[in-house]
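The next block holds one structure in the form of structure tokens; read it before the comments.
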Amino acid sequence: MTDDKSKLLRSLTIDRSASKVERPKRRWLPISATIVACVVAFAAFGAYEFRRQDPPKETAPQIAQQSAAQPQTPQPPAPNSKAAGNLAASGYVVARRKATVAAEITGKVVEVFIDEGMTVTDGQVVARLDSVLAERDYELARSRVETADAAVAAITADLEDATRIMSRVQTLSQKNFATEADLTKAQARVGVLSAQLRQAQSQFETARIDAKRSASMLDKHQIRAPFAGVVIDRSAQPGEMISPMSVGGYTRTGICTIVDMDSIEIEVDVNEAFIGRVAPGGAVNAMLDAYPDWTIPASVIAIVPTANREKATVKVRIRFEKKDPRILPDMAVKVNFLGDAKTKGATETTAAN
């Protein structure tokens with residue numbers, strides 16, 4: 001009975017040495033399994049990314065088969081390098097012939113015969129100044145001319161009579177019927193009348209020149225257009241004082257501004273770094289900001305031989321190949337120098353030479 005109890009108690013005893021040896025094995029087993037699982041997961045993710053970024057390459061037979069199956073489509077033409085390299089610039093429409101019409105004398109405006117938008121001809125009267133005093137001066141000058149002319153006629157008649165008397169006295173003197181004193185007196189009278197005639201003729205010429213001057217001054221009271229064109233601005237009104245120079249106050253210096261519409265052209269500023277791509281005679285396409293869908297053919301007139309230091313640009317003059325009433329001075333315009341502008345300009349220059 002005692003032995004059975006002893007065996008039973010020994011069976012319930014815990015072996016400390018065995019537990020110390022097996023405990024480390026149970027601790028590292030889950031950690032190793034975790035590490036292995038992580039490595040497998042990373043490897044699977046890397047393989048997936050590699051297959052997604054680098055698709056399998058097709059073999060040569062597969063490529064040939066696909067190319068035979070797909071129809072050959074024509075490739076679009078490559079863009080023209082010249083068209084892609086066209087030079088663009090902006091500027092304004094200007095008139096080479098533009099004048100502000102003013103009077104050459106100071107006077108009061110009596111009538112104005114023009115208005116904005118009116119077409120005038122060369123020499124047409126656009127305004128008239130008060131000319132009462134000028135008319136009086138002209139009448140006085142004409143009167144002096146008539147007086148001088150009458151004096152010339154009177155002295156001429158006296159000279160002719162004195163010449164005849166001198167001839168008779170010379171004849172009588174040769175026959176001893178007249179004295180030497182009578183002959184000398186007749187000759188002296190002819191000489192005096194000749195001098196008076198020359199003086200009267202000079203006075204007549206002076207009076208005639210003065211009359212012409214008075215007529216010119218009278219004509220200056222009528223202000224005329226210097227050339228044919230269109231009136232774009234009317235400055236003076238009837239009753240205002242006008243003068244060729246500013247004298248202060250409310251005195252105006254101009255009547256109107258006239259533009260010759262046949263002289264309009266384009267002036268643009270081209271960057272000096274690209275001026276070598278522009279040549280006289282080169283083709284240009286111009287587009288007005290007012291009509292962006294309208295392309296106007298033009299050509300280069302000349303390159304102004306000077307540069308703007310502040311803007312680093314060179315001015316280029318361009319002509320319109322065809323005038324149009326819609327093209328007005330001071331309009332903003334953009335131009336496109338065609339790619340063959342330089343070649344065309346050089347060809348035309350060579351042909352001209």
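Residues are referred to by chain and number: the chain letter is A, B, ... according to the order shown in the structure tokens, the number counts from 1 in that chain, and ligands are numbered separately from 1 in the order shown.
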Distance table requested - stretch 81-133 of chain A against stretch 219-222 of chain A, cut-off 9 Å, only C-alpha atoms: one row per qualifying residue with the closest atom pair and its distance in Å to one decimal, ordered by chain and rising residue number, as CSV.
```
residue,atom,partner,partner_atom,distance
A:Ala103,CA,A:Lys220,CA,7.1
A:Glu104,CA,A:Lys220,CA,6.7
A:Ile105,CA,A:Lys220,CA,7.1
A:Gly107,CA,A:His221,CA,7.8
A:Val109,CA,A:His221,CA,9.0
A:Val125,CA,A:Gln222,CA,6.3
A:Val126,CA,A:Gln222,CA,7.7
A:Ala127,CA,A:Gln222,CA,6.1
A:Arg128,CA,A:Gln222,CA,4.5
A:Leu129,CA,A:His221,CA,4.8
A:Asp130,CA,A:His221,CA,6.9
A:Ser131,CA,A:His221,CA,6.1
```
Run DSSP on the backbone and grab whatever in stretch 102-226 of chain A lands in helix (DSSP H, G or I); send it over as a VMD selection string.
-> chain A and resid 132 to 174 180 to 219
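Closest approach to A:Asp324 among A:Glu180, A:Glu272, A:Glu240, A:Asp262 is made by A:Asp262 (distances from only C-alpha atoms).
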9 Å contact set for A:Ile275, only C-alpha atoms, chain neighbours under 3 positions out, as a PyMOL selection string = chain A and resi 270-272+278-279+303+313-314
Spatial neighbours of stretch 137-150 of chain A, 12 Å, only C-alpha atoms, chain gap at least 2 places, as a ChimeraX atom specification | /A:131-135,152-157,196-219
Same residues, N, CA and C atoms, output as an mmCIF file, in the first residue's frame:
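Final file, again_35.cif:
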```
data_model
loop_
_atom_site.group_PDB
_atom_site.id
_atom_site.type_symbol
_atom_site.label_atom_id
_atom_site.label_comp_id
_atom_site.auth_asym_id
_atom_site.auth_seq_id
_atom_site.Cartn_x
_atom_site.Cartn_y
_atom_site.Cartn_z
ATOM 1 N N SER A 131 -10.567 137.434 -95.288
ATOM 2 C CA SER A 131 -9.628 138.027 -96.244
ATOM 3 C C SER A 131 -10.003 139.450 -96.642
ATOM 4 N N VAL A 132 -10.700 140.184 -95.801
ATOM 5 C CA VAL A 132 -11.122 141.531 -96.151
ATOM 6 C C VAL A 132 -9.920 142.441 -96.348
ATOM 7 N N LEU A 133 -8.984 142.452 -95.408
ATOM 8 C CA LEU A 133 -7.806 143.318 -95.521
ATOM 9 C C LEU A 133 -6.921 142.882 -96.692
ATOM 10 N N ALA A 134 -6.796 141.583 -96.901
ATOM 11 C CA ALA A 134 -5.974 141.102 -98.013
ATOM 12 C C ALA A 134 -6.566 141.531 -99.351
ATOM 13 N N GLU A 135 -7.882 141.536 -99.464
ATOM 14 C CA GLU A 135 -8.513 141.981 -100.700
ATOM 15 C C GLU A 135 -8.261 143.467 -100.941
ATOM 16 N N VAL A 152 4.423 155.091 -117.616
ATOM 17 C CA VAL A 152 5.300 154.586 -118.676
ATOM 18 C C VAL A 152 4.776 155.014 -120.041
ATOM 19 N N ALA A 153 3.460 154.929 -120.205
ATOM 20 C CA ALA A 153 2.878 155.315 -121.498
ATOM 21 C C ALA A 153 3.082 156.815 -121.760
ATOM 22 N N ALA A 154 2.913 157.649 -120.739
ATOM 23 C CA ALA A 154 3.078 159.099 -120.916
ATOM 24 C C ALA A 154 4.521 159.455 -121.248
ATOM 25 N N ILE A 155 5.437 158.887 -120.532
ATOM 26 C CA ILE A 155 6.848 159.191 -120.786
ATOM 27 C C ILE A 155 7.262 158.657 -122.149
ATOM 28 N N THR A 156 6.725 157.531 -122.546
ATOM 29 C CA THR A 156 7.042 156.986 -123.872
ATOM 30 C C THR A 156 6.586 157.944 -124.965
ATOM 31 N N ALA A 157 5.385 158.513 -124.786
ATOM 32 C CA ALA A 157 4.891 159.474 -125.787
ATOM 33 C C ALA A 157 5.766 160.724 -125.836
ATOM 34 N N GLN A 196 13.726 158.887 -117.590
ATOM 35 C CA GLN A 196 12.427 158.831 -116.919
ATOM 36 C C GLN A 196 11.632 157.590 -117.350
ATOM 37 N N LEU A 197 11.787 157.212 -118.600
ATOM 38 C CA LEU A 197 11.092 156.006 -119.065
ATOM 39 C C LEU A 197 11.616 154.760 -118.375
ATOM 40 N N ARG A 198 12.926 154.675 -118.234
ATOM 41 C CA ARG A 198 13.489 153.508 -117.524
ATOM 42 C C ARG A 198 13.023 153.490 -116.068
ATOM 43 N N GLN A 199 12.973 154.654 -115.442
ATOM 44 C CA GLN A 199 12.496 154.726 -114.056
ATOM 45 C C GLN A 199 11.031 154.303 -113.953
ATOM 46 N N ALA A 200 10.235 154.771 -114.879
ATOM 47 C CA ALA A 200 8.809 154.423 -114.869
ATOM 48 C C ALA A 200 8.611 152.935 -115.122
ATOM 49 N N GLN A 201 9.411 152.383 -116.009
ATOM 50 C CA GLN A 201 9.314 150.935 -116.255
ATOM 51 C C GLN A 201 9.707 150.132 -115.020
ATOM 52 N N SER A 202 10.732 150.583 -114.292
ATOM 53 C CA SER A 202 11.123 149.899 -113.051
ATOM 54 C C SER A 202 10.020 149.988 -112.008
ATOM 55 N N GLN A 203 9.399 151.169 -111.916
ATOM 56 C CA GLN A 203 8.299 151.319 -110.966
ATOM 57 C C GLN A 203 7.116 150.431 -111.365
ATOM 58 N N PHE A 204 6.924 150.301 -112.658
ATOM 59 C CA PHE A 204 5.847 149.416 -113.115
ATOM 60 C C PHE A 204 6.131 147.961 -112.736
ATOM 61 N N GLU A 205 7.368 147.509 -112.927
ATOM 62 C CA GLU A 205 7.731 146.144 -112.555
ATOM 63 C C GLU A 205 7.593 145.933 -111.053
ATOM 64 N N THR A 206 7.978 146.942 -110.278
ATOM 65 C CA THR A 206 7.844 146.834 -108.816
ATOM 66 C C THR A 206 6.381 146.731 -108.416
ATOM 67 N N ALA A 207 5.548 147.544 -109.020
ATOM 68 C CA ALA A 207 4.119 147.513 -108.701
ATOM 69 C C ALA A 207 3.501 146.188 -109.112
ATOM 70 N N ARG A 208 3.946 145.651 -110.241
ATOM 71 C CA ARG A 208 3.402 144.365 -110.688
ATOM 72 C C ARG A 208 3.818 143.235 -109.744
ATOM 73 N N ILE A 209 5.087 143.263 -109.282
ATOM 74 C CA ILE A 209 5.541 142.249 -108.325
ATOM 75 C C ILE A 209 4.773 142.370 -107.014
ATOM 76 N N ASP A 210 4.542 143.601 -106.582
ATOM 77 C CA ASP A 210 3.782 143.802 -105.350
ATOM 78 C C ASP A 210 2.354 143.303 -105.507
ATOM 79 N N ALA A 211 1.799 143.480 -106.712
ATOM 80 C CA ALA A 211 0.443 142.979 -106.956
ATOM 81 C C ALA A 211 0.410 141.460 -106.913
ATOM 82 N N LYS A 212 1.436 140.826 -107.484
ATOM 83 C CA LYS A 212 1.508 139.364 -107.404
ATOM 84 C C LYS A 212 1.627 138.896 -105.962
ATOM 85 N N ARG A 213 2.419 139.614 -105.191
ATOM 86 C CA ARG A 213 2.572 139.243 -103.778
ATOM 87 C C ARG A 213 1.246 139.399 -103.046
ATOM 88 N N SER A 214 0.529 140.461 -103.329
ATOM 89 C CA SER A 214 -0.774 140.653 -102.686
ATOM 90 C C SER A 214 -1.752 139.571 -103.119
ATOM 91 N N ALA A 215 -1.665 139.170 -104.384
ATOM 92 C CA ALA A 215 -2.542 138.098 -104.845
ATOM 93 C C ALA A 215 -2.205 136.780 -104.150
ATOM 94 N N SER A 216 -0.901 136.530 -103.943
ATOM 95 C CA SER A 216 -0.501 135.316 -103.242
ATOM 96 C C SER A 216 -0.975 135.338 -101.797
ATOM 97 N N MET A 217 -0.843 136.490 -101.144
ATOM 98 C CA MET A 217 -1.327 136.600 -99.768
ATOM 99 C C MET A 217 -2.837 136.411 -99.704
ATOM 100 N N LEU A 218 -3.531 136.923 -100.704
ATOM 101 C CA LEU A 218 -4.977 136.726 -100.732
ATOM 102 C C LEU A 218 -5.315 135.257 -100.935
ATOM 103 N N ASP A 219 -4.536 134.576 -101.768
ATOM 104 C CA ASP A 219 -4.796 133.158 -102.014
ATOM 105 C C ASP A 219 -4.499 132.304 -100.782
#
```
Residues within 8 Å of A:Pro238, only C-alpha atoms, excluding chain neighbours under 6 positions, as a ChimeraX atom specification = /A:108-112
Mind dumping the selected residues with N, CA and C atoms as a compact mmCIF listing (two decimals), in the first residue's frame?
```txt
# COMPACT_ATOMS: atom_id res chain seq x y z
N LYS A 108 -8.66 134.43 -89.02
CA LYS A 108 -9.88 133.86 -88.43
C LYS A 108 -10.57 132.98 -89.46
N VAL A 109 -10.95 131.79 -89.03
CA VAL A 109 -11.62 130.85 -89.92
C VAL A 109 -13.04 131.34 -90.19
N VAL A 110 -13.37 131.46 -91.46
CA VAL A 110 -14.70 131.90 -91.86
C VAL A 110 -15.57 130.72 -92.27
N GLU A 111 -15.00 129.80 -93.07
CA GLU A 111 -15.75 128.65 -93.56
C GLU A 111 -14.85 127.42 -93.55
N VAL A 112 -15.45 126.27 -93.26
CA VAL A 112 -14.78 124.97 -93.35
C VAL A 112 -15.63 124.10 -94.26
```
Near-A:Ile301 list (7 Å; only C-alpha atoms; drop same-chain fewer than 4 positions) as a short mmCIF file (atom, residue, chain, number, x, y, z; two decimals) with N, CA and C atoms, in the first residue's frame:
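See part06.cif below for the written result:
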```cif
data_model
loop_
_atom_site.label_atom_id
_atom_site.label_comp_id
_atom_site.auth_asym_id
_atom_site.auth_seq_id
_atom_site.Cartn_x
_atom_site.Cartn_y
_atom_site.Cartn_z
N PRO A 280 14.13 91.74 -98.52
CA PRO A 280 13.23 92.54 -99.36
C PRO A 280 12.62 91.70 -100.48
N GLY A 281 11.32 91.87 -100.69
CA GLY A 281 10.61 91.11 -101.70
C GLY A 281 10.03 89.81 -101.20
N ARG A 317 9.40 97.39 -93.32
CA ARG A 317 8.27 97.95 -94.06
C ARG A 317 7.69 96.88 -94.99
N ILE A 318 6.35 96.78 -94.99
CA ILE A 318 5.65 95.75 -95.77
C ILE A 318 4.54 96.42 -96.55
N ARG A 319 4.41 96.05 -97.83
CA ARG A 319 3.36 96.60 -98.68
C ARG A 319 2.22 95.61 -98.82
#
```
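With only C-alpha atoms as the atoms that count, the minimum distance from A:Gly91 to the choices A:Asp269, A:Ala162, A:Arg277, A:Asn285 is reached by A:Asp269.
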